[in-house]
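Source file: my_file-v4.pdb. Holds: PDB, C-alpha atoms and all ligand atoms.
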```pdb
ATOM      1  CA  MET A 484     -23.204 -12.248  58.786
ATOM      2  CA  SER A 485     -21.454 -10.150  61.412
ATOM      3  CA  GLU A 486     -20.476 -11.789  64.646
ATOM      4  CA  THR A 487     -20.526  -9.884  67.934
ATOM      5  CA  VAL A 488     -17.414 -10.482  70.033
ATOM      6  CA  LEU A 489     -18.053  -7.877  72.680
ATOM      7  CA  GLN A 490     -21.137  -6.145  73.981
ATOM      8  CA  LEU A 491     -21.624  -3.781  76.896
ATOM      9  CA  LYS A 492     -25.035  -2.403  77.869
ATOM     10  CA  ASP A 493     -25.264   0.332  80.485
ATOM     11  CA  ALA A 494     -22.133  -1.102  82.068
ATOM     12  CA  MET A 495     -20.915   0.690  85.195
ATOM     13  CA  ILE A 496     -17.165   0.427  85.676
ATOM     14  CA  TYR A 497     -15.797   0.946  89.165
ATOM     15  CA  GLN A 498     -12.382   1.034  90.796
ATOM     16  CA  GLY A 499     -13.278   0.111  94.375
ATOM     17  CA  ASN A 500     -16.103   2.454  95.328
ATOM     18  CA  ASN A 501     -15.241   5.020  92.673
ATOM     19  CA  LEU A 502     -17.353   5.061  89.560
ATOM     20  CA  VAL A 503     -14.883   5.435  86.676
ATOM     21  CA  LEU A 504     -17.205   5.007  83.671
ATOM     22  CA  SER A 505     -20.984   5.237  83.724
ATOM     23  CA  LYS A 506     -23.514   3.522  81.453
ATOM     24  CA  VAL A 507     -21.090   2.282  78.846
ATOM     25  CA  ASN A 508     -22.776   1.018  75.672
ATOM     26  CA  PHE A 509     -20.477  -0.526  73.125
ATOM     27  CA  GLU A 510     -20.327  -3.388  70.657
ATOM     28  CA  MET A 511     -17.536  -4.872  68.582
ATOM     29  CA  GLN A 512     -17.953  -7.199  65.612
ATOM     30  CA  LYS A 513     -15.463  -9.756  64.402
ATOM     31  CA  GLY A 514     -12.762  -8.055  62.325
ATOM     32  CA  ASP A 515     -13.204  -4.554  63.849
ATOM     33  CA  PHE A 516     -10.281  -2.349  64.824
ATOM     34  CA  VAL A 517     -11.320   0.161  67.482
ATOM     35  CA  TYR A 518      -9.271   2.763  69.351
ATOM     36  CA  LEU A 519      -9.972   3.717  72.940
ATOM     37  CA  ILE A 520      -8.642   7.178  73.742
ATOM     38  CA  GLY A 521      -8.851   9.616  76.643
ATOM     39  CA  LYS A 522      -6.722  11.594  79.055
ATOM     40  CA  THR A 523      -4.620   9.923  81.688
ATOM     41  CA  GLY A 524      -6.896   8.654  84.458
ATOM     42  CA  SER A 525     -10.012   8.817  82.259
ATOM     43  CA  GLY A 526     -10.616   5.067  82.579
ATOM     44  CA  LYS A 527      -9.076   3.352  79.543
ATOM     45  CA  SER A 528      -7.238   0.715  81.571
ATOM     46  CA  SER A 529     -10.268   0.201  83.820
ATOM     47  CA  PHE A 530     -12.358  -0.404  80.703
ATOM     48  CA  MET A 531      -9.836  -2.967  79.429
ATOM     49  CA  LYS A 532      -9.550  -4.639  82.844
ATOM     50  CA  THR A 533     -13.312  -5.122  82.952
ATOM     51  CA  LEU A 534     -13.151  -6.867  79.588
ATOM     52  CA  TYR A 535     -10.501  -9.356  80.698
ATOM     53  CA  GLY A 536     -12.041 -10.024  84.068
ATOM     54  CA  ASP A 537      -9.584  -8.105  86.226
ATOM     55  CA  LEU A 538     -12.368  -5.800  87.404
ATOM     56  CA  GLU A 539     -15.787  -7.240  88.198
ATOM     57  CA  LEU A 540     -18.845  -5.972  86.390
ATOM     58  CA  ASN A 541     -21.617  -5.584  88.948
ATOM     59  CA  GLU A 542     -24.015  -3.207  87.213
ATOM     60  CA  GLY A 543     -25.223  -3.295  83.637
ATOM     61  CA  GLU A 544     -24.588  -6.061  81.152
ATOM     62  CA  GLY A 545     -21.461  -7.303  79.433
ATOM     63  CA  THR A 546     -20.481 -10.201  77.207
ATOM     64  CA  VAL A 547     -17.005 -10.862  75.869
ATOM     65  CA  VAL A 548     -16.519 -13.775  73.462
ATOM     66  CA  ASP A 549     -19.496 -15.647  74.896
ATOM     67  CA  PHE A 550     -18.587 -15.042  78.523
ATOM     68  CA  ASN A 551     -21.153 -13.134  80.543
ATOM     69  CA  LEU A 552     -19.144 -10.695  82.679
ATOM     70  CA  ARG A 553     -21.942 -10.474  85.261
ATOM     71  CA  THR A 554     -22.366 -14.179  85.924
ATOM     72  CA  MET A 555     -18.812 -15.354  85.236
ATOM     73  CA  LYS A 556     -17.083 -16.990  88.206
ATOM     74  CA  GLU A 557     -13.470 -16.544  89.307
ATOM     75  CA  ASN A 558     -12.739 -20.031  87.885
ATOM     76  CA  ASP A 559     -13.970 -18.967  84.444
ATOM     77  CA  ILE A 560     -11.434 -16.139  84.110
ATOM     78  CA  PRO A 561      -8.547 -18.310  82.792
ATOM     79  CA  PHE A 562     -10.926 -19.709  80.142
ATOM     80  CA  LEU A 563     -12.010 -16.204  79.130
ATOM     81  CA  ARG A 564      -8.356 -15.151  78.860
ATOM     82  CA  ARG A 565      -7.572 -18.105  76.611
ATOM     83  CA  LYS A 566      -9.940 -16.578  74.082
ATOM     84  CA  LEU A 567      -8.305 -13.167  74.409
ATOM     85  CA  GLY A 568      -4.900 -11.890  73.431
ATOM     86  CA  ILE A 569      -3.728  -9.205  75.840
ATOM     87  CA  VAL A 570      -0.879  -6.813  75.043
ATOM     88  CA  PHE A 571       0.455  -4.353  77.606
ATOM     89  CA  GLN A 572       2.565  -1.220  77.417
ATOM     90  CA  ASP A 573       5.439  -2.874  79.301
ATOM     91  CA  PHE A 574       5.516  -6.133  77.259
ATOM     92  CA  LYS A 575       5.555  -8.391  80.366
ATOM     93  CA  LEU A 576       7.906 -11.002  78.910
ATOM     94  CA  LEU A 577       9.572 -13.414  81.346
ATOM     95  CA  PRO A 578      13.187 -12.164  81.571
ATOM     96  CA  ASP A 579      14.749 -15.524  82.496
ATOM     97  CA  ARG A 580      13.504 -17.407  79.426
ATOM     98  CA  THR A 581      14.304 -17.120  75.750
ATOM     99  CA  ILE A 582      11.646 -15.944  73.311
ATOM    100  CA  ASN A 583      10.876 -19.565  72.417
ATOM    101  CA  GLY A 584      10.778 -20.320  76.157
ATOM    102  CA  ASN A 585       8.313 -17.478  76.758
ATOM    103  CA  LEU A 586       6.008 -18.715  74.028
ATOM    104  CA  GLU A 587       6.315 -22.362  75.011
ATOM    105  CA  PHE A 588       5.476 -21.436  78.604
ATOM    106  CA  VAL A 589       2.127 -19.971  77.523
ATOM    107  CA  LEU A 590       1.294 -22.888  75.233
ATOM    108  CA  LYS A 591       2.060 -25.487  77.910
ATOM    109  CA  ALA A 592       0.070 -23.509  80.485
ATOM    110  CA  THR A 593      -2.897 -23.613  78.123
ATOM    111  CA  GLY A 594      -2.795 -27.339  77.517
ATOM    112  CA  TRP A 595      -0.474 -27.834  74.521
ATOM    113  CA  GLN A 596       1.625 -30.988  74.878
ATOM    114  CA  ASP A 597       2.906 -32.173  71.529
ATOM    115  CA  LYS A 598       6.420 -30.844  71.007
ATOM    116  CA  ASP A 599       6.117 -30.625  67.200
ATOM    117  CA  ASN A 600       2.802 -28.776  67.395
ATOM    118  CA  ILE A 601       4.296 -26.388  69.946
ATOM    119  CA  ASN A 602       7.333 -25.657  67.768
ATOM    120  CA  GLU A 603       5.198 -25.194  64.690
ATOM    121  CA  ARG A 604       2.845 -22.785  66.457
ATOM    122  CA  ILE A 605       5.763 -20.756  67.818
ATOM    123  CA  GLU A 606       7.263 -20.490  64.351
ATOM    124  CA  THR A 607       3.914 -19.413  62.884
ATOM    125  CA  VAL A 608       3.318 -16.587  65.377
ATOM    126  CA  LEU A 609       6.918 -15.350  65.191
ATOM    127  CA  ASP A 610       6.572 -15.246  61.428
ATOM    128  CA  LYS A 611       3.357 -13.202  61.733
ATOM    129  CA  VAL A 612       5.222 -10.467  63.600
ATOM    130  CA  GLY A 613       8.378 -10.630  61.461
ATOM    131  CA  MET A 614      10.570 -12.112  64.232
ATOM    132  CA  LYS A 615      11.175 -15.637  63.004
ATOM    133  CA  THR A 616      14.889 -15.718  63.706
ATOM    134  CA  THR A 617      14.892 -14.411  67.275
ATOM    135  CA  GLY A 618      13.526 -17.396  69.183
ATOM    136  CA  PHE A 619      16.823 -18.262  70.851
ATOM    137  CA  LYS A 620      17.356 -14.745  72.247
ATOM    138  CA  TYR A 621      16.436 -13.438  75.690
ATOM    139  CA  PRO A 622      14.076 -10.468  76.032
ATOM    140  CA  HIS A 623      16.882  -8.137  77.182
ATOM    141  CA  GLU A 624      18.714  -8.839  73.912
ATOM    142  CA  LEU A 625      15.853  -7.287  71.937
ATOM    143  CA  SER A 626      14.858  -3.648  71.460
ATOM    144  CA  GLY A 627      11.588  -2.337  72.907
ATOM    145  CA  GLY A 628       9.852  -2.574  69.543
ATOM    146  CA  GLU A 629      11.063  -6.138  69.048
ATOM    147  CA  GLN A 630       9.910  -7.104  72.546
ATOM    148  CA  GLN A 631       6.497  -5.682  71.786
ATOM    149  CA  ARG A 632       6.322  -7.733  68.573
ATOM    150  CA  ILE A 633       7.060 -10.822  70.660
ATOM    151  CA  ALA A 634       4.319  -9.807  73.102
ATOM    152  CA  ILE A 635       1.951  -9.572  70.119
ATOM    153  CA  ALA A 636       3.129 -12.994  68.915
ATOM    154  CA  ARG A 637       2.411 -14.343  72.397
ATOM    155  CA  ALA A 638      -1.079 -12.819  72.279
ATOM    156  CA  LEU A 639      -1.706 -14.653  68.997
ATOM    157  CA  LEU A 640      -0.666 -18.120  70.249
ATOM    158  CA  ASN A 641      -4.145 -19.420  70.992
ATOM    159  CA  ASP A 642      -5.802 -17.751  68.011
ATOM    160  CA  PRO A 643      -7.703 -15.198  70.125
ATOM    161  CA  GLU A 644     -11.185 -14.024  69.265
ATOM    162  CA  LEU A 645     -10.352 -10.553  70.563
ATOM    163  CA  ILE A 646      -7.042  -8.752  71.120
ATOM    164  CA  LEU A 647      -6.951  -6.131  73.870
ATOM    165  CA  ALA A 648      -3.933  -3.868  73.542
ATOM    166  CA  ASP A 649      -3.484  -1.377  76.389
ATOM    167  CA  GLU A 650      -1.132   1.397  75.200
ATOM    168  CA  PRO A 651       0.979  -1.047  73.163
ATOM    169  CA  THR A 652       3.156   1.770  71.803
ATOM    170  CA  GLY A 653       3.334   3.728  75.070
ATOM    171  CA  ASN A 654       7.006   2.888  75.677
ATOM    172  CA  LEU A 655       8.183   3.181  72.081
ATOM    173  CA  ASP A 656       9.619   5.997  69.980
ATOM    174  CA  PRO A 657       7.491   7.318  67.084
ATOM    175  CA  GLN A 658       9.182   5.262  64.339
ATOM    176  CA  THR A 659       9.065   2.036  66.350
ATOM    177  CA  SER A 660       5.427   2.769  67.250
ATOM    178  CA  ILE A 661       4.608   2.854  63.559
ATOM    179  CA  GLU A 662       6.381  -0.473  63.006
ATOM    180  CA  VAL A 663       4.419  -2.114  65.828
ATOM    181  CA  MET A 664       1.230  -0.525  64.523
ATOM    182  CA  GLU A 665       1.913  -2.006  61.082
ATOM    183  CA  VAL A 666       2.040  -5.433  62.730
ATOM    184  CA  LEU A 667      -1.304  -4.805  64.437
ATOM    185  CA  GLN A 668      -2.802  -3.570  61.157
ATOM    186  CA  ASP A 669      -1.600  -6.702  59.331
ATOM    187  CA  ILE A 670      -3.070  -8.924  61.997
ATOM    188  CA  ASN A 671      -6.358  -7.020  61.753
ATOM    189  CA  LYS A 672      -6.377  -7.393  57.955
ATOM    190  CA  ASN A 673      -5.988 -11.137  58.482
ATOM    191  CA  GLY A 674      -9.226 -11.156  60.463
ATOM    192  CA  ASN A 675      -8.257 -10.497  64.071
ATOM    193  CA  THR A 676     -10.462  -8.166  66.111
ATOM    194  CA  ILE A 677      -8.499  -5.509  68.017
ATOM    195  CA  LEU A 678      -9.375  -2.978  70.706
ATOM    196  CA  MET A 679      -6.425  -0.678  71.335
ATOM    197  CA  ALA A 680      -6.150   1.924  74.088
ATOM    198  CA  THR A 681      -3.789   4.721  73.153
ATOM    199  CA  HIS A 682      -3.047   8.371  73.586
ATOM    200  CA  ASP A 683      -0.881   8.490  70.492
ATOM    201  CA  TYR A 684      -2.859  10.812  68.222
ATOM    202  CA  ALA A 685      -0.263  10.532  65.454
ATOM    203  CA  LEU A 686      -1.211   6.861  65.080
ATOM    204  CA  LEU A 687      -4.908   7.713  64.969
ATOM    205  CA  LEU A 688      -4.310  10.142  62.146
ATOM    206  CA  LYS A 689      -2.071   7.786  60.207
ATOM    207  CA  TYR A 690      -4.314   4.726  60.666
ATOM    208  CA  PRO A 691      -7.860   6.083  61.031
ATOM    209  CA  SER A 692     -10.431   3.730  62.528
ATOM    210  CA  LYS A 693     -13.478   3.773  64.755
ATOM    211  CA  THR A 694     -12.576   5.657  67.926
ATOM    212  CA  LEU A 695     -14.121   5.654  71.395
ATOM    213  CA  LYS A 696     -13.274   8.305  73.922
ATOM    214  CA  CYS A 697     -13.382   8.144  77.721
ATOM    215  CA  ASP A 698     -14.103  11.537  79.229
ATOM    216  CA  GLU A 699     -15.804  12.685  82.430
ATOM    217  CA  ASN A 700     -17.021   9.195  83.309
ATOM    218  CA  LYS A 701     -18.549   8.594  79.889
ATOM    219  CA  VAL A 702     -17.538   6.616  76.818
ATOM    220  CA  PHE A 703     -18.653   7.885  73.418
ATOM    221  CA  GLU A 704     -17.699   7.459  69.791
ATOM    222  CA  VAL A 705     -15.777  10.339  68.242
ATOM    223  CA  VAL A 706     -15.729  11.125  64.566
ATOM    224  CA  GLN A 707     -12.321  11.890  63.129
ATOM    225  CA  ARG A 708     -12.343  14.965  60.955
ATOM    226  CA  LYS A 709     -10.084  15.378  57.979
ATOM    227  CA  SER A 710      -8.126  18.624  58.361
TER     228      SER A 710
HETATM  229  N1  LIG A 801      -6.167  -0.082  91.448
HETATM  230  C1  LIG A 801      -6.860   1.040  91.579
HETATM  231  N2  LIG A 801      -7.518   1.324  92.730
HETATM  232  C2  LIG A 801      -8.258   2.444  92.855
HETATM  233  N3  LIG A 801      -8.395   3.372  91.888
HETATM  234  C3  LIG A 801      -7.774   3.147  90.735
HETATM  235  C4  LIG A 801      -6.972   1.982  90.502
HETATM  236  N4  LIG A 801      -6.483   2.030  89.240
HETATM  237  C5  LIG A 801      -6.946   3.184  88.711
HETATM  238  N5  LIG A 801      -7.730   3.849  89.585
HETATM  239  C6  LIG A 801      -8.425   5.123  89.339
HETATM  240  O1  LIG A 801      -9.391   4.919  88.317
HETATM  241  C7  LIG A 801      -9.427   6.024  87.424
HETATM  242  C8  LIG A 801      -9.195   5.522  86.000
HETATM  243  O2  LIG A 801      -7.878   4.998  85.890
HETATM  244  P1  LIG A 801      -7.363   4.191  84.621
HETATM  245  O3  LIG A 801      -6.056   3.606  84.969
HETATM  246  O4  LIG A 801      -8.452   3.312  84.151
HETATM  247  O5  LIG A 801      -7.184   5.391  83.585
HETATM  248  P2  LIG A 801      -6.414   5.428  82.199
HETATM  249  O6  LIG A 801      -7.282   6.217  81.279
HETATM  250  O7  LIG A 801      -6.051   4.050  81.785
HETATM  251  O8  LIG A 801      -5.123   6.239  82.543
HETATM  252  P3  LIG A 801      -3.633   6.116  81.912
HETATM  253  O9  LIG A 801      -3.723   6.695  80.531
HETATM  254  O10 LIG A 801      -2.831   6.962  82.838
HETATM  255  O11 LIG A 801      -3.248   4.669  81.944
HETATM  256  C9  LIG A 801      -8.383   7.015  87.897
HETATM  257  O12 LIG A 801      -9.048   7.989  88.667
HETATM  258  C10 LIG A 801      -7.493   6.185  88.781
HETATM  259  O13 LIG A 801      -6.931   6.965  89.797
END
```
Take the structure from the file and write it as structure tokens.
Ligand SMILES: Nc1ncnc2c1ncn2[C@@H]1O[C@H](COP(=O)(O)OP(=O)(O)OP(=O)(O)O)[C@@H](O)[C@H]1O
Amino acid sequence: MSETVLQLKDAMIYQGNNLVLSKVNFEMQKGDFVYLIGKTGSGKSSFMKTLYGDLELNEGEGTVVDFNLRTMKENDIPFLRRKLGIVFQDFKLLPDRTINGNLEFVLKATGWQDKDNINERIETVLDKVGMKTTGFKYPHELSGGEQQRIAIARALLNDPELILADEPTGNLDPQTSIEVMEVLQDINKNGNTILMATHDYALLLKYPSKTLKCDENKVFEVVQRKS
């Protein structure tokens, strides 16, 4: 039986008083991989921010991994984010800690205490992104693609029910983008649900999947045509 991890019904997405996206209807099931595309300023990041509680939803309905976006309180946001893995364009690793330190920081902040469990979890997620031997390095000692793999590993730490990736290849060259995309594809094949905002059409062509487009305040599904 399919399991809904995300549902929006007539959701109205605002930035301040400006309506960015109107009447958004969208559902994701466990295991889906969905792209979110659209021109710069069309509302992709606003869409993502609504899903992780950075923008309030005040009109329409929305549920993300069992959290109701309309009735959720400020205090609930950290609990929602524990069920999500969020990956950004600019990696957002802590520069003054090693890779192990970055990952340990997140685990401790989310209630992990046992040292052996922490080390084992770190090793597992680094292995998933092909970076098992880099734990002792600092972020600046890694390339952009490697840093993004670590950011993906960090997103996986708490076994998220949904991964939101906002332009995860936006700062990477085409070859490195493909390598990072392969990691995301592997993770998806292992059962993780991923929503990825991108404007990299080469990736869409190489890895076709369900695609939503933001345009003129609307979100709609686009069908990829084979040329
Ligand atoms: N913090 C903010 N305050 C007010 N308006 C904002 C804010 N952030 C974005 N906007 C506006 O909301 C609209 C949608 O922006 P958003 O960042 O969601 O687009 P995007 O599709 O993610 O663009 P990009 O591809 O450049 O990241 C734009 O008109 C933008 O100017």
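Using the PyMOL selection byres (((chain A and resi 511-514) around 10) and not hetatm) on the file at hand returns these residues: Met484, Ser485, Glu486, Thr487, Val488, Leu489, Gln490, Leu491, Phe509, Glu510, Asp515, Phe516, Val517, Val547, Val548, Glu644, Leu645, Ile670, Asn671, Lys672, Asn673, Gly674, Asn675, Thr676, Ile677 and Leu678 of chain A.
CA of Leu519 (chain A) to CA of Ser660 (chain A) spans 16.4 Å [interatomic distance, one decimal].
The coordinates place CA of Thr652 (chain A) at 26.2 Å from CA of Asn508 (chain A).
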Kindly compile the residues surrounding ligand LIG 801 (chain A) within 6 Å, counting only C-alpha atoms and all ligand atoms, and format them as a PDB file with C-alpha atoms, in the frame of the given file.
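result.pdb, freshly written:
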```pdb
ATOM      1  CA  GLN A 498     -12.382   1.034  90.796  1.00  0.00           C
ATOM      2  CA  GLY A 499     -13.278   0.111  94.375  1.00  0.00           C
ATOM      3  CA  VAL A 503     -14.883   5.435  86.676  1.00  0.00           C
ATOM      4  CA  GLY A 521      -8.851   9.616  76.643  1.00  0.00           C
ATOM      5  CA  LYS A 522      -6.722  11.594  79.055  1.00  0.00           C
ATOM      6  CA  THR A 523      -4.620   9.923  81.688  1.00  0.00           C
ATOM      7  CA  GLY A 524      -6.896   8.654  84.458  1.00  0.00           C
ATOM      8  CA  SER A 525     -10.012   8.817  82.259  1.00  0.00           C
ATOM      9  CA  GLY A 526     -10.616   5.067  82.579  1.00  0.00           C
ATOM     10  CA  LYS A 527      -9.076   3.352  79.543  1.00  0.00           C
ATOM     11  CA  SER A 528      -7.238   0.715  81.571  1.00  0.00           C
ATOM     12  CA  SER A 529     -10.268   0.201  83.820  1.00  0.00           C
TER      13      SER A 529
END
```
Grab the CA of Gln631 (chain A) to CA of Ile520 (chain A) distance for me, in Å with one decimal place.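 According to the coordinates, CA of Gln631 (chain A) and CA of Ile520 (chain A) are separated by 20.0 Å.
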Taking the file as shown, find all residues satisfying the PyMOL selection byres (((chain A and resi 625) around 12) and not hetatm) and write them as a list in words. Phe574, Leu576, Pro578, Thr581, Ile582, Met614, Thr616, Thr617, Gly618, Phe619, Lys620, Tyr621, Pro622, His623, Glu624, Ser626, Gly627, Gly628, Glu629, Gln630, Gln631, Arg632, Ile633 and Ala634 of chain A
Rank nothing, just name the residue among A:Glu704, A:Gln596, A:Thr607, A:Asp649 nearest to Tyr535 (chain A), using all atoms listed in the file.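 Answer, going by the shortest atom-to-atom distance: A:Asp649.
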Phe588 (chain A) surroundings by all atoms listed in the file, 10 Å radius, close-in-sequence under 6 positions cut, as a list in words: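 Listed by chain and then number, they are Leu577, Arg580, Ile582, Trp595 and Arg637 of chain A.
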Env of Pro643 (chain A): 9 Å cut, atoms = all atoms listed in the file, seq-sep filter 4 positions within chain, self excluded. Answer as a ChimeraX atom specification. /A:564-568,638-639,675-676
Shortest interatomic distance to Ile569 (chain A) - which of A:Asp698, A:Glu665, A:Glu603, A:Glu650, counting all atoms listed in the file: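 So, comparing all the options, the nearest one is A:Glu650.
Among the candidate residues A:Leu655, A:Val702, A:Leu647, A:Leu640, the one lying nearest to Gly594 (chain A) is A:Leu640, with distances computed using all atoms listed in the file.
Of the residues under consideration (A:Asn585, A:Asn501, A:Ser692, A:Thr554), A:Ser692 shows the shortest atom-to-atom contact distance to Gln668 (chain A) when counting all atoms listed in the file.
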Excluding Leu538 (chain A) and residues on its chain fewer than 6 positions from it, collect all residues at most 9 Å away from it, counting all atoms listed in the file, and give them as a PyMOL selection string. chain A and resi 496-498+529-532
Please list as a ChimeraX atom specification every residue within 12 Å of Val706 (chain A), counting all atoms listed in the file and excluding residues in the same chain fewer than 2 positions away. /A:518,687-688,691-696,703-704,708-709
Please define a box with edges along x, y and z of the file around all atoms of region 502-514 of chain A given in the file, extend it by 3 Å on each side, and return its centre and edge lengths in Å to one decimal, as lines of an AutoDock Vina configuration file.
```
center_x = -18.1
center_y = -2.2
center_z = 75.9
size_x = 16.8
size_y = 21.2
size_z = 33.2
```
